[in-house]
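Text of final_5.tsv (TSV, C-alpha atoms) as supplied:
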chain	number	residue	atom	x	y	z
A	966	MET	CA	0.95	43.68	-22.97
A	967	ALA	CA	-0.59	42.62	-19.63
A	968	GLY	CA	-2.59	39.90	-21.38
A	969	LEU	CA	0.53	38.65	-23.15
A	970	ASN	CA	2.39	38.60	-19.86
A	971	ARG	CA	-0.38	36.50	-18.29
A	972	MET	CA	-0.29	34.09	-21.24
A	973	ARG	CA	3.45	33.66	-20.88
A	974	ARG	CA	3.07	33.22	-17.13
A	975	ALA	CA	0.59	30.41	-17.69
A	976	LEU	CA	3.30	28.35	-19.34
A	977	LEU	CA	5.48	28.34	-16.22
A	978	GLY	CA	6.11	24.82	-14.97
A	979	ALA	CA	8.15	21.70	-15.41
A	980	GLY	CA	9.04	21.31	-19.06
A	981	ALA	CA	6.71	24.06	-20.28
A	982	LEU	CA	9.23	25.48	-22.71
A	983	ALA	CA	10.02	22.00	-23.98
A	984	ALA	CA	6.30	21.46	-24.48
A	985	LEU	CA	6.15	24.38	-26.87
A	986	GLY	CA	9.01	22.93	-28.86
A	987	ALA	CA	7.12	19.62	-29.13
A	988	GLY	CA	4.13	21.17	-30.82
A	989	GLY	CA	2.31	22.71	-27.90
A	990	TYR	CA	1.17	21.49	-24.52
A	991	LEU	CA	-1.44	19.01	-25.83
A	992	GLY	CA	0.98	17.76	-28.46
A	993	TRP	CA	3.47	17.03	-25.70
A	994	GLN	CA	0.88	15.04	-23.78
A	995	ARG	CA	0.33	12.77	-26.77
A	996	LEU	CA	3.96	11.64	-26.57
A	997	PHE	CA	3.14	9.97	-23.26
A	998	THR	CA	2.02	6.38	-23.93
A	999	ARG	CA	2.86	4.35	-20.81
A	1000	GLN	CA	-0.23	3.45	-18.82
A	1001	PRO	CA	-0.29	3.45	-15.00
A	1002	ASP	CA	-0.85	0.25	-13.04
A	1003	PHE	CA	-3.51	2.10	-11.04
A	1004	ALA	CA	-5.21	5.03	-12.76
A	1005	ASP	CA	-7.35	7.87	-11.44
A	1006	LEU	CA	-7.53	6.67	-7.85
A	1007	ALA	CA	-9.71	9.16	-5.98
A	1008	TYR	CA	-8.10	10.64	-2.87
A	1009	GLY	CA	-10.92	13.22	-2.57
A	1010	SER	CA	-14.31	14.03	-4.02
A	1011	GLY	CA	-13.23	16.64	-6.57
A	1012	GLU	CA	-12.60	16.03	-10.27
A	1013	ARG	CA	-8.92	16.95	-9.91
A	1014	GLN	CA	-8.41	14.93	-6.72
A	1015	VAL	CA	-7.11	11.77	-8.38
A	1016	LEU	CA	-3.74	10.08	-8.73
A	1017	ASP	CA	-1.93	7.43	-10.78
A	1018	ILE	CA	0.53	4.76	-9.63
A	1019	TYR	CA	3.30	3.23	-11.77
A	1020	LEU	CA	4.96	0.08	-10.45
A	1021	PRO	CA	8.37	-1.34	-11.33
A	1022	GLN	CA	8.75	-4.89	-12.56
A	1023	GLY	CA	9.03	-7.55	-9.89
A	1024	SER	CA	7.29	-8.14	-6.61
A	1025	GLY	CA	6.68	-5.45	-4.04
A	1026	PRO	CA	6.15	-3.85	-1.76
A	1027	PHE	CA	8.12	-1.12	-3.51
A	1028	PRO	CA	9.53	2.15	-2.22
A	1029	TYR	CA	7.92	5.05	-4.02
A	1030	VAL	CA	8.18	8.68	-4.99
A	1031	LEU	CA	5.18	11.00	-4.89
A	1032	GLU	CA	5.93	13.19	-7.92
A	1033	ILE	CA	4.01	16.48	-8.15
A	1034	HIS	CA	3.67	18.21	-11.53
A	1035	GLY	CA	4.40	21.85	-12.26
A	1036	GLY	CA	2.43	24.36	-14.29
A	1037	ALA	CA	2.28	27.70	-12.46
A	1038	PHE	CA	-0.30	26.19	-10.10
A	1039	LYS	CA	-2.93	26.56	-12.84
A	1040	ILE	CA	-2.11	24.18	-15.72
A	1041	GLY	CA	-0.51	20.78	-16.16
A	1042	SER	CA	-1.45	17.30	-15.03
A	1043	LYS	CA	-0.16	13.98	-13.76
A	1044	THR	CA	0.09	12.78	-17.38
A	1045	MET	CA	2.02	15.71	-18.78
A	1046	SER	CA	5.22	13.68	-19.24
A	1047	ALA	CA	6.35	10.08	-19.14
A	1048	PRO	CA	7.30	8.67	-15.73
A	1049	SER	CA	11.03	8.26	-15.14
A	1050	GLU	CA	12.20	4.94	-16.55
A	1051	ALA	CA	15.41	5.34	-14.53
A	1052	LEU	CA	13.49	5.30	-11.26
A	1053	LEU	CA	11.21	2.45	-12.32
A	1054	ALA	CA	14.19	0.39	-13.48
A	1055	ALA	CA	15.79	0.98	-10.08
A	1056	GLY	CA	12.78	-0.58	-8.36
A	1057	ILE	CA	11.15	2.69	-7.29
A	1058	ALA	CA	7.42	3.16	-7.89
A	1059	ILE	CA	6.04	6.53	-8.95
A	1060	VAL	CA	2.81	8.10	-7.66
A	1061	ARG	CA	1.46	11.15	-9.49
A	1062	PRO	CA	-1.44	13.24	-8.15
A	1063	ASN	CA	-3.44	15.99	-9.76
A	1064	TYR	CA	-4.48	18.93	-7.59
A	1065	ARG	CA	-6.91	21.82	-7.87
A	1066	TYR	CA	-5.84	24.76	-10.01
A	1067	SER	CA	-5.44	28.27	-8.64
A	1068	SER	CA	-7.90	29.45	-11.31
A	1069	THR	CA	-10.70	27.68	-9.40
A	1070	ASP	CA	-9.36	27.41	-5.83
A	1071	ILE	CA	-6.72	29.59	-4.22
A	1072	TRP	CA	-4.15	28.53	-1.62
A	1073	PRO	CA	-4.18	26.46	0.56
A	1074	ALA	CA	-6.29	24.18	-1.69
A	1075	GLN	CA	-3.24	22.92	-3.59
A	1076	GLY	CA	-1.32	22.16	-0.39
A	1077	GLN	CA	-4.36	20.44	1.10
A	1078	ASP	CA	-4.74	18.28	-2.01
A	1079	CYS	CA	-1.10	17.18	-2.10
A	1080	LEU	CA	-1.15	16.37	1.60
A	1081	ALA	CA	-4.41	14.41	1.19
A	1082	ALA	CA	-2.89	12.50	-1.74
A	1083	ALA	CA	0.21	11.67	0.31
A	1084	GLN	CA	-1.89	10.48	3.24
A	1085	PHE	CA	-4.16	8.44	0.96
A	1086	VAL	CA	-1.18	6.52	-0.37
A	1087	LEU	CA	0.35	6.07	3.08
A	1088	ASP	CA	-2.90	4.67	4.44
A	1089	GLY	CA	-3.48	2.30	1.52
A	1090	ALA	CA	0.09	1.53	0.47
A	1091	ALA	CA	-0.17	-2.24	0.96
A	1092	SER	CA	-3.18	-2.42	-1.37
A	1093	TYR	CA	-1.10	-0.96	-4.21
A	1094	GLY	CA	2.15	-2.86	-3.71
A	1095	LEU	CA	3.87	0.06	-1.98
A	1096	ASP	CA	5.93	0.29	1.20
A	1097	ALA	CA	4.72	3.17	3.38
A	1098	SER	CA	7.99	3.15	5.33
A	1099	ARG	CA	10.03	4.03	2.23
A	1100	PHE	CA	8.78	7.06	0.31
A	1101	ALA	CA	10.00	10.40	-0.98
A	1102	LEU	CA	8.42	13.55	-2.42
A	1103	TRP	CA	9.59	15.14	-5.66
A	1104	GLY	CA	8.39	18.07	-7.73
A	1105	GLN	CA	9.48	20.35	-10.54
A	1106	SER	CA	8.91	24.11	-10.63
A	1107	ALA	CA	5.51	24.80	-9.01
A	1108	GLY	CA	5.48	21.09	-8.19
A	1109	GLY	CA	8.74	21.55	-6.32
A	1110	PHE	CA	7.11	24.17	-4.13
A	1111	LEU	CA	4.24	21.76	-3.46
A	1112	ALA	CA	6.52	18.78	-2.83
A	1113	VAL	CA	8.58	20.61	-0.21
A	1114	SER	CA	5.47	22.16	1.34
A	1115	THR	CA	3.82	18.74	1.57
A	1116	ALA	CA	6.96	17.22	3.08
A	1117	LEU	CA	6.96	19.88	5.80
A	1118	SER	CA	3.29	19.21	6.53
A	1119	LEU	CA	3.96	15.47	6.79
A	1120	ILE	CA	6.87	16.14	9.12
A	1121	GLU	CA	4.63	18.29	11.30
A	1122	THR	CA	1.99	15.53	11.45
A	1123	GLY	CA	4.51	12.85	12.38
A	1124	ARG	CA	4.56	11.02	9.02
A	1125	PRO	CA	7.83	12.26	7.52
A	1126	PRO	CA	9.12	11.15	4.14
A	1127	GLN	CA	12.53	9.52	3.93
A	1128	ALA	CA	13.71	12.03	1.31
A	1129	VAL	CA	12.64	15.25	-0.44
A	1130	VAL	CA	13.55	16.29	-3.99
A	1131	ASP	CA	13.06	19.68	-5.60
A	1132	PHE	CA	13.90	20.66	-9.17
A	1133	TYR	CA	13.98	24.44	-9.79
A	1134	GLY	CA	11.00	25.33	-7.61
A	1135	PRO	CA	10.13	28.76	-6.15
A	1136	MET	CA	10.70	28.61	-2.41
A	1137	ASP	CA	10.12	32.16	-1.13
A	1138	PHE	CA	7.70	34.24	-3.20
A	1139	SER	CA	8.69	37.43	-1.40
A	1140	THR	CA	12.29	37.34	-2.69
A	1141	MET	CA	11.81	36.03	-6.22
A	1142	ASP	CA	12.04	39.42	-7.92
A	1143	ALA	CA	15.02	40.52	-5.84
A	1144	ASP	CA	16.81	37.24	-6.53
A	1145	MET	CA	16.43	37.70	-10.29
A	1146	ALA	CA	17.56	41.31	-10.07
A	1147	ALA	CA	20.64	40.31	-8.08
A	1148	LEU	CA	21.64	38.02	-10.95
A	1149	GLY	CA	21.22	40.88	-13.40
A	1150	ARG	CA	18.27	39.22	-15.12
A	1151	THR	CA	14.67	40.05	-15.90
A	1152	ALA	CA	12.29	37.14	-15.38
A	1153	GLN	CA	11.16	35.93	-18.79
A	1154	MET	CA	7.57	35.40	-17.69
A	1155	GLY	CA	7.27	38.61	-15.70
A	1156	GLN	CA	7.74	39.66	-12.10
A	1157	THR	CA	6.26	37.91	-9.08
A	1158	ASP	CA	5.11	40.89	-7.01
A	1159	PRO	CA	2.29	42.13	-9.31
A	1160	ALA	CA	-1.27	40.89	-8.91
A	1161	ASP	CA	-1.28	39.06	-12.26
A	1162	SER	CA	1.67	36.77	-11.46
A	1163	ALA	CA	1.13	33.03	-11.02
A	1164	GLU	CA	2.18	33.28	-7.39
A	1165	SER	CA	-0.18	36.18	-6.66
A	1166	GLN	CA	-3.04	34.36	-8.36
A	1167	LEU	CA	-2.30	31.34	-6.19
A	1168	LEU	CA	-2.45	33.41	-3.00
A	1169	GLY	CA	-5.42	35.56	-3.95
A	1170	TYR	CA	-3.48	38.80	-3.35
A	1171	ALA	CA	-0.49	40.55	-4.88
A	1172	VAL	CA	2.73	39.16	-3.42
A	1173	GLY	CA	4.14	42.68	-3.35
A	1174	SER	CA	1.22	43.94	-1.26
A	1175	ASN	CA	1.98	41.57	1.62
A	1176	PRO	CA	5.47	40.07	1.28
A	1177	ALA	CA	5.57	38.94	4.91
A	1178	ALA	CA	2.49	36.75	4.45
A	1179	ALA	CA	3.76	35.49	1.08
A	1180	LYS	CA	7.01	34.46	2.72
A	1181	ALA	CA	5.40	32.83	5.75
A	1182	MET	CA	3.26	30.41	3.71
A	1183	GLY	CA	6.17	29.06	1.67
A	1184	PRO	CA	8.87	26.50	2.47
A	1185	VAL	CA	11.61	28.97	3.42
A	1186	GLY	CA	9.31	30.96	5.70
A	1187	ARG	CA	7.99	27.82	7.34
A	1188	LEU	CA	11.49	26.50	7.93
A	1189	GLU	CA	12.65	29.81	9.38
A	1190	ALA	CA	9.78	29.60	11.90
A	1191	MET	CA	10.52	25.96	12.74
A	1192	ALA	CA	12.41	24.89	15.86
A	1193	PRO	CA	15.43	22.62	15.38
A	1194	ARG	CA	14.37	19.07	14.58
A	1195	ALA	CA	15.33	16.11	12.44
A	1196	LEU	CA	14.70	16.57	8.71
A	1197	PRO	CA	15.07	14.03	5.89
A	1198	PRO	CA	17.79	14.24	3.24
A	1199	LEU	CA	17.20	16.89	0.58
A	1200	PHE	CA	18.16	16.72	-3.12
A	1201	LEU	CA	18.12	19.98	-5.12
A	1202	ARG	CA	18.89	20.73	-8.74
A	1203	HIS	CA	18.48	24.10	-10.48
A	1204	GLY	CA	19.67	25.41	-13.83
A	1205	ASP	CA	22.26	28.18	-13.55
A	1206	ALA	CA	20.66	29.87	-16.59
A	1207	ASP	CA	17.05	29.52	-15.45
A	1208	PRO	CA	15.15	32.46	-17.00
A	1209	LEU	CA	12.05	32.04	-14.83
A	1210	ILE	CA	13.16	31.27	-11.27
A	1211	ALA	CA	16.55	32.33	-9.93
A	1212	HIS	CA	18.71	29.49	-8.62
A	1213	THR	CA	19.04	31.59	-5.47
A	1214	GLN	CA	15.63	30.21	-4.51
A	1215	SER	CA	17.13	26.73	-4.20
A	1216	GLU	CA	20.07	28.15	-2.27
A	1217	ARG	CA	17.63	29.75	0.18
A	1218	LEU	CA	15.90	26.41	0.71
A	1219	ALA	CA	19.19	24.57	1.26
A	1220	ALA	CA	20.28	27.14	3.87
A	1221	ALA	CA	16.93	27.07	5.69
A	1222	TRP	CA	16.91	23.26	5.71
A	1223	SER	CA	20.39	23.11	7.21
A	1224	ARG	CA	19.52	25.69	9.85
A	1225	VAL	CA	16.71	23.51	11.17
A	1226	ASP	CA	18.80	20.33	10.98
A	1227	PRO	CA	22.54	20.78	10.38
A	1228	GLN	CA	22.92	16.98	10.23
A	1229	ALA	CA	20.43	16.45	7.40
A	1230	PRO	CA	22.24	15.63	4.14
A	1231	VAL	CA	21.67	18.28	1.47
A	1232	ASP	CA	22.73	17.42	-2.08
A	1233	PHE	CA	22.51	20.69	-4.01
A	1234	ALA	CA	24.07	21.38	-7.39
A	1235	LEU	CA	23.55	23.78	-10.25
A	1236	VAL	CA	23.03	22.28	-13.69
A	1237	ALA	CA	25.47	24.10	-15.95
A	1238	GLY	CA	23.84	25.97	-18.80
A	1239	ALA	CA	20.39	24.63	-17.99
A	1240	GLY	CA	17.24	26.71	-18.11
A	1241	HIS	CA	13.88	25.97	-16.53
A	1242	GLY	CA	13.54	22.22	-17.05
A	1243	GLY	CA	14.11	20.58	-20.40
A	1244	GLY	CA	16.58	17.98	-21.59
A	1245	ASP	CA	19.42	19.08	-19.33
A	1246	PHE	CA	17.50	17.52	-16.44
A	1247	ASP	CA	16.98	14.19	-18.23
A	1248	THR	CA	20.67	13.35	-18.38
A	1249	ASP	CA	22.50	10.77	-16.30
A	1250	VAL	CA	24.30	13.61	-14.55
A	1251	VAL	CA	20.97	14.60	-13.00
A	1252	MET	CA	18.72	11.54	-13.11
A	1253	GLY	CA	21.53	9.07	-12.46
A	1254	ARG	CA	22.49	10.91	-9.30
A	1255	LEU	CA	18.87	11.31	-8.25
A	1256	THR	CA	18.33	7.58	-8.68
A	1257	ALA	CA	21.43	6.81	-6.60
A	1258	PHE	CA	20.27	9.27	-3.94
A	1259	LEU	CA	16.86	7.61	-3.70
A	1260	ARG	CA	18.34	4.12	-3.65
A	1261	ARG	CA	20.40	5.17	-0.63
A	1262	THR	CA	17.74	7.02	1.27
A	1263	LEU	CA	14.68	4.83	0.80
A	1264	PRO	CA	16.51	2.25	0.48
A	1265	VAL	CA	15.85	-0.02	-2.50
A	1266	SER	CA	16.32	-3.77	-2.23
A	1267	ALA	CA	18.90	-5.28	-4.54

Could you render the structure as structure tokens?
Amino acid sequence: MAGLNRMRRALLGAGALAALGAGGYLGWQRLFTRQPDFADLAYGSGERQVLDIYLPQGSGPFPYVLEIHGGAFKIGSKTMSAPSEALLAAGIAIVRPNYRYSSTDIWPAQGQDCLAAAQFVLDGAASYGLDASRFALWGQSAGGFLAVSTALSLIETGRPPQAVVDFYGPMDFSTMDADMAALGRTAQMGQTDPADSAESQLLGYAVGSNPAAAKAMGPVGRLEAMAPRALPPLFLRHGDADPLIAHTQSERLAAAWSRVDPQAPVDFALVAGAGHGGGDFDTDVVMGRLTAFLRRTLPVSA
């Protein structure tokens, strides 16, 4: 049973359930045919420390979104799904990094990689047709955790993004089990506190053995320790039927964000009937509003 639980846990991430329905994870990858304009740019020396850049049609420099993939911190890649045609059509470039897996390197390796990727693009933006003054971070599931974490690190180093986007990411490991229990649900992929959870494997210790430390390293804990300061606009979407991560996690992030900066716009909505990723997040109700949000906050030239 423990082995089965670990196998199920490994599928956690943006679109993982949809991947199974498409013939398995590798089968899902084969559906992705669009090629990046810049492929496998090395932002570090490791095999996983590479990124791709997709440019819209027209002449730049373009605003861009650094989109971080999910996968329980231990599977997935920058090519696991097609880049958003809605964003590209709106004139927004997409940058997708890989990062080291928790199965080979525990935290903070993943945070260090995403920050290094963000800084690499900022430093070389002009060479790739990008505008370093107009960028956002976006992630789904585990990628949402990394996107928000990276945004906070960039804010702390004086290179803040103009917007942050999170889709159904875990935001406080220490409360994930309690949040599911409060909704009267049992997490489909297992609890977070045990040592074999994806979050515990990321940290290198059982979340339940040191909840204070598990909280402090995540976005909510970092925000709660942060003095009031200006924060960029935040866009959050979470399925109200998510069987893996309670939507309360997004609510916690929204509240912590507003505590640090009550003036920062926070666009948070539940996606009715939606689970953990899947087609409900590909609709105009979600992607249309995300595109409009990014066009306002970057902004995008007409």

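As for atom CA of A:Asp1158 and atom CA of A:Ala1171, they are spaced 6.0 Å apart.
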
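Put simply, atom CA of A:Leu1006 is 28.0 Å away from atom CA of A:Phe1200.
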
Centre, x/y/z edge lengths, axis-aligned box for stretch 1207-1214 of chain A with 6 Å per side, as JSON:
{"center_x": 15.5, "center_y": 31.0, "center_z": -10.8, "size_x": 19.0, "size_y": 15.0, "size_z": 24.5}

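The shell of residues at most 9 Å from A:Leu1235, with all atoms listed in the file counted and near chain neighbours (fewer than 5 positions) removed, consists of Leu1201, Arg1202, His1203, Gly1204, Asp1205 and His1212 of chain A.
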
Hey, could you make a per-residue contact list for stretch 1136-1243 of chain A against stretch 1257-1266 of chain A with 9 Å as the cut-off, showing the nearest pair of atoms and its distance in Å to one decimal, counting all atoms listed in the file, sorted by chain and number, as CSV?
residue,atom,partner,partner_atom,distance
A:Pro1197,CA,A:Thr1262,CA,8.8
A:Pro1198,CA,A:Thr1262,CA,7.5
A:Phe1200,CA,A:Phe1258,CA,7.8
A:Asp1232,CA,A:Phe1258,CA,8.7

Selection from above, C-alpha atoms, as a PDB file, keeping the file's coordinate frame, can you write it?
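The resulting file, out_8.pdb, is shown below:
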ATOM      1  CA  PRO A1197      15.070  14.030   5.890  1.00  0.00           C
ATOM      2  CA  PRO A1198      17.790  14.240   3.240  1.00  0.00           C
ATOM      3  CA  PHE A1200      18.160  16.720  -3.120  1.00  0.00           C
ATOM      4  CA  ASP A1232      22.730  17.420  -2.080  1.00  0.00           C
TER       5      ASP A1232
END

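One distance worth recording is that between atom CA of A:Ala1147 and atom CA of A:Gly1169, which is 26.8 Å.
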
Could you name the residues that touch A:Gly1089 at 12 Å or less, counting all atoms listed in the file, but leaving out those on the same chain fewer than 6 positions away, as a list in words? Leu1006, Ala1007, Tyr1008, Pro1026, Ala1082, Ala1083, Leu1095, Asp1096 and Ala1097 of chain A

Could the residues of stretch 1040-1081 of chain A that have an atom at most 12 Å from stretch 1174-1192 of chain A be listed as JSON lines, each with its closest atom pair and the distance in Å to one decimal, counting all atoms listed in the file and ordered by chain and ascending residue number?
{"residue": "A:Trp1072", "atom": "CA", "partner": "A:Met1182", "partner_atom": "CA", "distance": 9.3}
{"residue": "A:Pro1073", "atom": "CA", "partner": "A:Met1182", "partner_atom": "CA", "distance": 9.0}
{"residue": "A:Gly1076", "atom": "CA", "partner": "A:Met1182", "partner_atom": "CA", "distance": 10.3}

Restricting it to C-alpha atoms, dump the selection as a PDB file, in the frame of the given file.
ATOM      1  CA  TRP A1072      -4.150  28.530  -1.620  1.00  0.00           C
ATOM      2  CA  PRO A1073      -4.180  26.460   0.560  1.00  0.00           C
ATOM      3  CA  GLY A1076      -1.320  22.160  -0.390  1.00  0.00           C
TER       4      GLY A1076
END

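Using all atoms listed in the file for every distance, the candidate list A:Phe1233, A:Tyr1066, A:Trp1222, A:Phe1027 yields A:Trp1222 as the residue closest to A:Val1113.
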
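For the set A:Pro1208, A:Gly1244, A:Pro1227, A:Gly1056, the residue with the smallest atom-to-atom gap to A:Gly1149 is A:Pro1208, counting all atoms listed in the file.
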
Judged by all atoms listed in the file, the minimum distance to A:Ala1055 among A:Gly1023, A:Gly1134, A:Gly1041, A:Gly1035 is found for A:Gly1023

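Proximity of A:Ala1054, A:Leu1102, A:Ile1120, A:Ala1211 to A:Asp1137, computed with all atoms listed in the file, is greatest for A:Ala1211.
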
Kindly provide, as an MDAnalysis selection string, the polymer residues lying within 9 Å of (-2.7, 18.4, -13.6), counting all atoms listed in the file and using the coordinates exactly as they appear in the file. chainID A and resid 1013 1033:1036 1038:1045 1062:1066

Hey, what's within 10 Å of stretch 997-1001 of chain A if we count only C-alpha atoms and toss same-chain stuff fewer than 4 positions away? As a PyMOL selection string, please? chain A and resi 992-993+1005+1016-1020+1044-1048+1059-1061

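Minimum atom-to-atom distances from A:His1241, A:Arg1254, A:Arg1194, A:Arg1217 to A:Ala1229 were compared using all atoms listed in the file, and the lowest value belongs to A:Arg1194.
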
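You can rank A:Gln1214, A:Ser1106, A:Gln1084, A:Thr1122 by their closest distance to A:Asp1144 using only C-alpha atoms, and at the top of that list sits A:Gln1214.
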
At a cut-off of 12 Å, using all atoms listed in the file, what residues contact stretch 1236-1240 of chain A? Leave out same-chain residues fewer than 6 positions from it and give the result as a ChimeraX atom specification. /A:978-983,1106,1132-1133,1152-1153,1201-1212,1246-1252
